[in-house]
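Chemist: My file is entry.cif. It has mmCIF, C-alpha atoms:
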```cif
data_structure
#
loop_
_atom_site.label_atom_id
_atom_site.label_comp_id
_atom_site.auth_asym_id
_atom_site.auth_seq_id
_atom_site.Cartn_x
_atom_site.Cartn_y
_atom_site.Cartn_z
CA MET U 1 -35.65 -6.74 -16.85
CA PRO U 2 -37.68 -3.69 -15.62
CA GLU U 3 -37.12 -0.51 -17.62
CA ASP U 4 -35.85 1.25 -14.45
CA ASP U 5 -32.82 -1.02 -14.52
CA PHE U 6 -31.62 0.70 -17.69
CA ALA U 7 -32.03 4.24 -16.35
CA LEU U 8 -28.56 5.29 -15.28
CA ASP U 9 -28.06 7.84 -12.51
CA ARG U 10 -26.89 10.83 -14.56
CA LEU U 11 -25.30 12.59 -11.59
CA ILE U 12 -23.07 9.60 -10.91
CA HIS U 13 -22.49 8.46 -14.48
CA GLU U 14 -20.31 11.46 -15.36
CA PRO U 15 -16.74 9.95 -15.51
CA GLY U 16 -15.14 12.40 -13.06
CA ARG U 17 -17.83 11.94 -10.42
CA LEU U 18 -17.92 8.18 -11.00
CA ALA U 19 -14.14 8.07 -10.39
CA ILE U 20 -14.41 10.19 -7.22
CA LEU U 21 -17.19 8.05 -5.74
CA THR U 22 -15.40 4.82 -6.69
CA VAL U 23 -12.21 6.01 -4.98
CA LEU U 24 -14.27 6.82 -1.88
CA THR U 25 -15.75 3.30 -1.81
CA SER U 26 -12.20 1.91 -1.44
CA VAL U 27 -11.21 4.06 1.55
CA ALA U 28 -12.81 5.23 4.78
CA ASP U 29 -12.07 8.83 3.76
CA ALA U 30 -9.62 10.75 1.59
CA ASP U 31 -8.40 14.31 1.26
CA PHE U 32 -8.50 16.57 -1.78
CA VAL U 33 -4.91 15.85 -2.87
CA PHE U 34 -5.42 12.08 -2.63
CA LEU U 35 -8.58 12.32 -4.77
CA GLN U 36 -6.82 14.57 -7.25
CA ARG U 37 -3.75 12.32 -7.61
CA THR U 38 -5.82 9.17 -7.86
CA THR U 39 -8.48 10.40 -10.29
CA GLY U 40 -6.17 12.63 -12.37
CA LEU U 41 -8.72 15.49 -12.30
CA THR U 42 -7.63 19.13 -12.22
CA LYS U 43 -8.18 21.15 -9.06
CA GLY U 44 -11.04 23.14 -10.65
CA ASN U 45 -12.79 20.05 -12.01
CA LEU U 46 -12.46 18.17 -8.74
CA SER U 47 -13.82 21.15 -6.75
CA SER U 48 -16.78 21.49 -9.05
CA HIS U 49 -17.63 17.76 -8.95
CA LEU U 50 -17.28 17.64 -5.17
CA THR U 51 -19.67 20.57 -4.78
CA LYS U 52 -22.28 18.79 -6.92
CA LEU U 53 -21.82 15.54 -4.99
CA GLU U 54 -22.09 17.36 -1.66
CA ASP U 55 -25.23 19.22 -2.77
CA ALA U 56 -26.77 15.86 -3.71
CA GLY U 57 -25.89 14.45 -0.28
CA LEU U 58 -23.55 11.80 -1.69
CA VAL U 59 -20.39 13.01 0.07
CA GLU U 60 -19.55 14.95 3.20
CA ILE U 61 -16.81 17.58 3.02
CA GLU U 62 -14.86 18.70 6.05
CA LYS U 63 -12.53 21.71 5.88
CA ARG U 64 -9.78 21.52 8.47
CA PHE U 65 -6.17 22.43 9.14
CA VAL U 66 -3.40 19.83 9.15
CA HIS U 67 0.08 21.06 10.17
CA LYS U 68 -1.27 24.61 9.88
CA LYS U 69 -2.22 24.06 6.22
CA PRO U 70 -5.82 23.97 4.96
CA ASN U 71 -6.97 20.45 4.20
CA THR U 72 -10.24 19.25 2.64
CA ASN U 73 -11.38 15.81 3.73
CA VAL U 74 -14.10 13.91 1.88
CA THR U 75 -16.24 10.99 3.08
CA LEU U 76 -18.88 8.99 1.22
CA THR U 77 -22.33 9.21 2.85
CA LYS U 78 -24.57 6.18 3.32
CA GLU U 79 -26.76 7.45 0.47
CA GLY U 80 -23.64 7.88 -1.69
CA ALA U 81 -22.47 4.34 -0.94
CA THR U 82 -25.87 2.90 -1.84
CA ARG U 83 -26.15 4.84 -5.09
CA ILE U 84 -22.63 4.11 -6.33
CA ALA U 85 -23.07 0.39 -5.54
CA ARG U 86 -26.37 0.36 -7.44
CA HIS U 87 -24.80 2.25 -10.34
CA TRP U 88 -21.93 -0.23 -10.75
CA ALA U 89 -24.39 -3.11 -10.50
CA GLN U 90 -26.43 -1.51 -13.30
CA LEU U 91 -23.34 -1.09 -15.45
CA GLU U 92 -22.42 -4.75 -14.91
CA ARG U 93 -25.93 -5.84 -15.86
CA LEU U 94 -25.83 -3.74 -19.01
CA ARG U 95 -22.42 -5.12 -19.92
CA GLY U 96 -23.66 -8.67 -19.34
CA LEU U 97 -26.67 -7.98 -21.54
CA ALA U 98 -24.47 -6.56 -24.31
CA ASP U 99 -22.17 -9.60 -24.12
CA THR U 100 -25.15 -11.95 -24.32
CA GLU U 101 -26.55 -10.15 -27.36
CA ARG U 102 -23.19 -10.19 -29.09
CA THR U 103 -22.86 -13.94 -28.70
CA THR U 104 -26.41 -14.73 -29.91
CA MET I 1 -13.80 3.48 -17.03
CA GLU I 2 -13.23 0.18 -15.25
CA ARG I 3 -13.94 -0.06 -11.54
CA LYS I 4 -10.81 -2.13 -11.04
CA ASP I 5 -8.58 0.58 -12.59
CA VAL I 6 -9.80 3.07 -9.99
CA THR I 7 -9.43 0.71 -7.02
CA THR I 8 -5.95 -0.27 -8.26
CA ALA I 9 -4.98 3.41 -8.42
CA VAL I 10 -6.16 3.84 -4.81
CA ALA I 11 -4.06 0.86 -3.68
CA GLU I 12 -1.02 2.08 -5.62
CA ASN I 13 -1.24 5.58 -4.16
CA SER I 14 -1.56 4.11 -0.67
CA TYR I 15 1.05 1.34 -0.81
CA PHE I 16 3.74 2.42 -3.26
CA ARG I 17 5.08 5.01 -0.83
CA GLY I 18 8.30 3.09 -1.15
CA LEU I 19 10.67 5.32 0.80
CA PHE I 20 9.14 3.74 3.92
CA GLY I 21 10.52 0.44 2.59
CA VAL I 22 13.94 2.08 2.29
CA LEU I 23 13.70 3.00 5.98
CA GLY I 24 12.69 -0.59 6.78
CA GLY I 25 15.74 -1.84 4.89
CA LEU I 26 17.99 0.57 6.76
CA LEU I 27 16.48 -0.70 10.03
CA MET I 28 17.44 -4.26 9.09
CA ILE I 29 20.98 -3.21 8.22
CA LEU I 30 21.16 -1.25 11.46
CA SER I 31 20.11 -4.41 13.32
CA ALA I 32 22.81 -6.41 11.52
CA LEU I 33 25.43 -3.80 12.45
CA GLY I 34 24.19 -3.83 16.05
CA ASN I 35 24.34 -7.65 16.20
CA ALA I 36 27.86 -7.67 14.80
CA GLY I 37 28.95 -4.86 17.13
CA TRP I 38 30.62 -3.21 14.15
CA GLY I 39 32.54 0.05 14.86
CA PRO I 40 30.42 2.49 16.87
CA PHE I 41 27.65 -0.12 17.08
CA GLU I 42 29.67 -1.87 19.72
CA HIS I 43 27.73 0.42 22.07
CA ASP I 44 23.95 0.19 22.41
CA THR I 45 23.64 3.98 22.32
CA ALA I 46 24.72 4.04 18.65
CA PHE I 47 21.95 1.56 17.80
CA ILE I 48 19.38 3.61 19.76
CA ALA I 49 20.56 6.81 18.06
CA GLY I 50 20.16 5.05 14.71
CA LEU I 51 16.61 4.05 15.65
CA ALA I 52 15.81 7.66 16.59
CA VAL I 53 17.14 8.92 13.24
CA LEU I 54 15.04 6.35 11.36
CA GLY I 55 11.97 7.26 13.46
CA ALA I 56 12.42 10.95 12.66
CA GLY I 57 12.89 9.99 9.01
CA ALA I 58 9.59 8.06 9.06
CA LEU I 59 7.73 11.11 10.41
CA GLY I 60 9.28 13.33 7.75
CA LEU I 61 8.43 10.84 5.00
CA ASN I 62 4.85 10.56 6.21
CA ARG I 63 4.47 14.31 5.89
CA TYR I 64 6.22 14.37 2.49
CA TYR I 65 3.91 11.70 1.04
CA ASN I 66 0.76 13.17 2.58
CA ASP I 67 1.56 16.64 1.22
CA ARG I 68 2.36 15.39 -2.28
CA TYR I 69 0.09 12.40 -2.78
CA GLY I 70 -2.66 13.00 -0.24
CA ARG I 71 -4.09 11.35 2.84
CA SER I 72 -6.56 8.52 3.04
CA ARG I 73 -7.74 6.14 5.72
CA PRO I 74 -8.20 2.48 4.83
CA THR I 75 -11.58 0.81 5.30
CA ILE I 76 -12.25 -1.53 8.24
CA ARG I 77 -12.31 -4.46 5.80
CA HIS I 78 -8.83 -3.55 4.67
CA HIS I 79 -7.60 -3.26 8.27
CA ARG I 80 -8.88 -6.80 8.86
CA ARG I 81 -6.98 -8.17 5.85
CA MET I 82 -3.78 -6.52 7.01
CA ALA I 83 -4.30 -7.81 10.56
CA VAL I 84 -4.72 -11.37 9.26
CA ALA I 85 -1.58 -11.05 7.12
CA MET I 86 0.47 -9.58 9.95
CA PHE I 87 -0.77 -11.54 12.96
CA VAL I 88 -1.51 -14.91 11.38
CA GLY I 89 0.55 -15.15 8.20
CA ALA I 90 3.80 -13.57 9.40
CA PRO I 91 4.07 -15.62 12.64
CA ALA I 92 3.28 -18.77 10.64
CA VAL I 93 6.15 -18.00 8.27
CA PHE I 94 8.58 -17.28 11.10
CA LEU I 95 7.61 -20.44 12.98
CA GLY I 96 8.02 -22.44 9.78
CA SER I 97 11.47 -20.97 9.26
CA LEU I 98 12.42 -21.87 12.83
CA LEU I 99 11.40 -25.44 12.14
CA LEU I 100 13.67 -25.52 9.09
CA SER I 101 16.87 -24.49 10.77
CA SER I 102 16.58 -23.83 14.47
CA ARG I 103 19.08 -25.57 16.64
CA ALA I 104 16.22 -26.81 18.81
CA SER I 105 15.91 -30.61 19.02
CA TRP I 106 12.80 -30.73 16.84
CA SER I 107 14.43 -28.80 14.03
CA LEU I 108 15.15 -30.20 10.56
CA ASN I 109 18.47 -28.38 10.91
CA LEU I 110 18.83 -27.55 7.22
CA PRO I 111 21.63 -25.21 6.02
CA LEU I 112 19.22 -22.47 4.91
CA ASN I 113 19.13 -18.75 5.61
CA THR I 114 15.83 -18.52 7.46
CA ILE I 115 15.91 -14.72 7.90
CA ALA I 116 16.14 -14.26 4.14
CA ILE I 117 13.43 -16.86 3.51
CA SER I 118 11.09 -15.44 6.16
CA MET I 119 11.46 -11.84 5.01
CA ALA I 120 10.95 -12.79 1.35
CA LEU I 121 7.79 -14.77 2.15
CA VAL I 122 6.40 -12.08 4.47
CA MET I 123 6.98 -9.33 1.90
CA LEU I 124 5.42 -11.40 -0.90
CA MET I 125 2.46 -12.24 1.34
CA VAL I 126 1.86 -8.67 2.54
CA GLY I 127 2.28 -7.30 -1.01
CA GLY I 128 -0.16 -9.87 -2.35
CA ALA I 129 -2.71 -9.07 0.38
CA THR I 130 -2.60 -5.30 -0.19
CA VAL I 131 -1.68 -3.73 -3.51
CA GLY I 132 -0.87 -6.88 -5.48
CA LEU I 133 2.59 -7.98 -6.53
CA ARG I 134 4.39 -6.25 -9.37
CA MET I 135 7.24 -7.69 -11.43
CA HIS I 136 9.96 -5.98 -9.38
CA HIS I 137 8.55 -7.47 -6.15
CA LEU I 138 8.66 -10.94 -7.66
CA ILE I 139 12.24 -10.43 -8.91
CA VAL I 140 13.65 -8.80 -5.75
CA PHE I 141 11.93 -10.95 -3.13
CA GLY I 142 12.07 -14.04 -5.36
CA ALA I 143 15.85 -13.59 -5.55
CA LEU I 144 15.98 -13.17 -1.76
CA LEU I 145 13.95 -16.36 -1.32
CA VAL I 146 16.18 -18.33 -3.71
CA ALA I 147 19.33 -17.00 -2.01
CA GLY I 148 17.96 -18.07 1.36
CA LEU I 149 17.09 -21.53 0.04
CA LEU I 150 20.58 -22.23 -1.32
CA PRO I 151 22.14 -24.93 0.90
CA VAL I 152 25.31 -22.95 1.48
CA TRP I 153 24.54 -21.30 4.79
CA GLU I 154 26.33 -22.29 7.96
CA ARG I 155 24.05 -23.56 10.70
CA GLU I 156 25.57 -21.38 13.35
CA GLY I 157 27.36 -18.04 13.42
CA MET I 158 26.81 -15.05 11.17
CA SER I 159 24.42 -16.36 8.52
CA GLY I 160 21.52 -14.69 10.38
CA ASN I 161 23.29 -11.36 10.12
CA THR I 162 23.97 -11.92 6.42
CA GLY I 163 20.26 -12.63 6.06
CA LEU I 164 19.46 -9.28 7.67
CA TRP I 165 21.83 -7.54 5.26
CA MET I 166 20.30 -9.27 2.24
CA ALA I 167 16.74 -8.57 3.41
CA GLY I 168 17.68 -4.94 4.10
CA VAL I 169 19.13 -4.46 0.62
CA ALA I 170 16.08 -6.17 -0.93
CA LEU I 171 13.74 -3.83 0.97
CA ILE I 172 15.73 -0.78 -0.11
CA VAL I 173 15.77 -1.81 -3.79
CA SER I 174 12.08 -2.72 -3.78
CA GLY I 175 11.22 0.51 -1.92
CA LEU I 176 13.08 2.67 -4.44
CA LEU I 177 11.32 0.92 -7.32
CA ASP I 178 7.94 1.34 -5.57
CA HIS I 179 8.63 5.05 -5.11
CA ARG I 180 9.64 5.43 -8.78
CA LEU I 181 6.39 3.73 -9.79
CA LEU I 182 4.40 6.09 -7.53
CA VAL I 183 6.04 9.20 -9.01
CA ARG I 184 5.58 7.98 -12.58
CA ARG I 185 1.97 6.96 -11.97
CA PHE I 186 0.72 10.02 -10.14
CA GLY I 187 3.32 12.71 -10.81
CA PRO I 188 4.34 15.45 -8.42
CA VAL I 189 1.57 17.76 -7.20
CA ARG I 190 1.84 21.40 -8.21
CA GLU I 191 1.78 24.09 -5.53
CA ASP I 192 -1.39 25.66 -6.97
CA ASP I 193 -3.14 22.28 -6.99
CA ARG I 194 -3.45 22.07 -3.23
CA ALA I 195 -6.74 22.68 -1.43
#
```
The structure given in the file should be rewritten as structure tokens.

Modeler:
Amino acid sequence: MPEDDFALDRLIHEPGRLAILTVLTSVADADFVFLQRTTGLTKGNLSSHLTKLEDAGLVEIEKRFVHKKPNTNVTLTKEGATRIARHWAQLERLRGLADTERTT
Amino acid sequence: MERKDVTTAVAENSYFRGLFGVLGGLLMILSALGNAGWGPFEHDTAFIAGLAVLGAGALGLNRYYNDRYGRSRPTIRHHRRMAVAMFVGAPAVFLGSLLLSSRASWSLNLPLNTIAISMALVMLMVGGATVGLRMHHLIVFGALLVAGLLPVWEREGMSGNTGLWMAGVALIVSGLLDHRLLVRRFGPVREDDRA
């Protein structure tokens, strides 16, 4: 296995950001409250992670009003979808490798 | 963190908004009352007024859930699964139930409650295709299925209406349990948590 396959994407590997991106792979888009309820992150933590993910081009954030209330909508970008898919594939490979080593 | 835990949480937040099921159950009971022409439901206007109240309730519930548990849009893949369940699976179940007890000449004419059977199968199928079945779904809709399969139902008359009542009550019970699961799983959102 090439050494690159073991190098995890540090931006994505952080549990909060991994949870956010994984939620976004299961839906077309989601708002702030949905992400917060589903990941269990606090408002401050979620905001901070979303900013980092947006700066890295992994998510798109749209601020809008719904029923006259501010609403933040988040969508996974193509780059984000590719990187989170690759990250989970890496984790699966590492897990498979660990299982193989344990049984030998 | 397991990927499946996260995707399960997404499905639970999206599909355990059980008060919609309560409205669905009330709609079935309303239909039964309308069919029987009970009390004010002797007139069509009472039925239509009931529909309007349930429609307004659905809009209010949609806003309540979106404010407290958030909004999301399902993926195209998910839309396809739902479409298959609704437009292929559900008609297949209803046609099968007609074959079991319709008074048409090709019917097996069995003394079963086909409304109860159909609703139980459709709910189990849709639940299985979306969020996955939980124990209370199996108990509630399993009981509805067994009740419908008991050979005690008259072949004509009011057994269809009784089926609507039973299916309505099953939807209400299952919806309340879904809602309880949602609240326990995700908790109420605090005012200062909104963004």

Chemist: Kindly resolve the PyMOL selection byres ((chain I) within 8 of (chain U)) on the present coordinates and return the residues as a PyMOL selection string.

Modeler: chain I and resi 1+3+6-7+9-10+13+67-76+186-187+189+193-195

Chemist: If we count all atoms listed in the file, what is near Leu53 of chain U at a cut-off of 10 Å, once residues fewer than 6 positions away on the same chain are taken out, given as a ChimeraX atom specification?

Modeler: /U:11-12,17,20-21,47,59-61,76,80

Chemist: For segment 34-46 of chain U, take all atoms listed in the file, fit an axis-aligned box around them, add 5 Å to each of the six sides, then output centre and edge lengths in Å rounded to one decimal, as JSON.

Modeler:
```
{"center_x": -8.3, "center_y": 16.2, "center_z": -7.5, "size_x": 19.0, "size_y": 24.0, "size_z": 19.7}
```

Chemist: Check what the PyMOL selection byres ((chain I and resi 172) around 12) selects in the file above and give those residues as an MDAnalysis selection string.

Modeler: chainID I and resid 18:29 137 140:141 165:171 173:179

Chemist: Please produce an output containing C-alpha atoms for each residue in the selection, written as an mmCIF file, in the frame of the given file.

Modeler:
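The file below, result25.cif, is the result:
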```
data_model
loop_
_atom_site.group_PDB
_atom_site.id
_atom_site.type_symbol
_atom_site.label_atom_id
_atom_site.label_comp_id
_atom_site.auth_asym_id
_atom_site.auth_seq_id
_atom_site.Cartn_x
_atom_site.Cartn_y
_atom_site.Cartn_z
ATOM 1 C CA GLY I 18 8.300 3.090 -1.150
ATOM 2 C CA LEU I 19 10.670 5.320 0.800
ATOM 3 C CA PHE I 20 9.140 3.740 3.920
ATOM 4 C CA GLY I 21 10.520 0.440 2.590
ATOM 5 C CA VAL I 22 13.940 2.080 2.290
ATOM 6 C CA LEU I 23 13.700 3.000 5.980
ATOM 7 C CA GLY I 24 12.690 -0.590 6.780
ATOM 8 C CA GLY I 25 15.740 -1.840 4.890
ATOM 9 C CA LEU I 26 17.990 0.570 6.760
ATOM 10 C CA LEU I 27 16.480 -0.700 10.030
ATOM 11 C CA MET I 28 17.440 -4.260 9.090
ATOM 12 C CA ILE I 29 20.980 -3.210 8.220
ATOM 13 C CA HIS I 137 8.550 -7.470 -6.150
ATOM 14 C CA VAL I 140 13.650 -8.800 -5.750
ATOM 15 C CA PHE I 141 11.930 -10.950 -3.130
ATOM 16 C CA TRP I 165 21.830 -7.540 5.260
ATOM 17 C CA MET I 166 20.300 -9.270 2.240
ATOM 18 C CA ALA I 167 16.740 -8.570 3.410
ATOM 19 C CA GLY I 168 17.680 -4.940 4.100
ATOM 20 C CA VAL I 169 19.130 -4.460 0.620
ATOM 21 C CA ALA I 170 16.080 -6.170 -0.930
ATOM 22 C CA LEU I 171 13.740 -3.830 0.970
ATOM 23 C CA VAL I 173 15.770 -1.810 -3.790
ATOM 24 C CA SER I 174 12.080 -2.720 -3.780
ATOM 25 C CA GLY I 175 11.220 0.510 -1.920
ATOM 26 C CA LEU I 176 13.080 2.670 -4.440
ATOM 27 C CA LEU I 177 11.320 0.920 -7.320
ATOM 28 C CA ASP I 178 7.940 1.340 -5.570
ATOM 29 C CA HIS I 179 8.630 5.050 -5.110
#
```

Chemist: Translate the PyMOL selection byres ((chain I and resi 85) around 12) into a concrete residue list for this structure, as a list in words.

Modeler: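 Checked against the file, the PyMOL selection byres ((chain I and resi 85) around 12) matches His78, His79, Arg80, Arg81, Met82, Ala83, Val84, Met86, Phe87, Val88, Gly89, Ala90, Pro91, Ala92, Val93, Leu121, Val122, Met123, Leu124, Met125, Val126, Gly127, Gly128, Ala129 and Thr130 of chain I.
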
Chemist: Rounded to one decimal place, report the atom CA of Leu50 of chain U-atom CA of Thr82 of chain U distance in Å.

Modeler: 17.4 Å

Chemist: Kindly give the distance, in Å, that separates atom CA of Arg180 of chain I and atom CA of Leu144 of chain I, rounded to a single decimal.

Modeler: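 Here the two named atoms are 20.9 Å from each other.
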
Chemist: What does the distance between atom CA of Leu145 of chain I and atom CA of Asn161 of chain I come to in Å, to one decimal place?

Modeler: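 Between atom CA of Leu145 of chain I and atom CA of Asn161 of chain I the gap works out to 15.6 Å.
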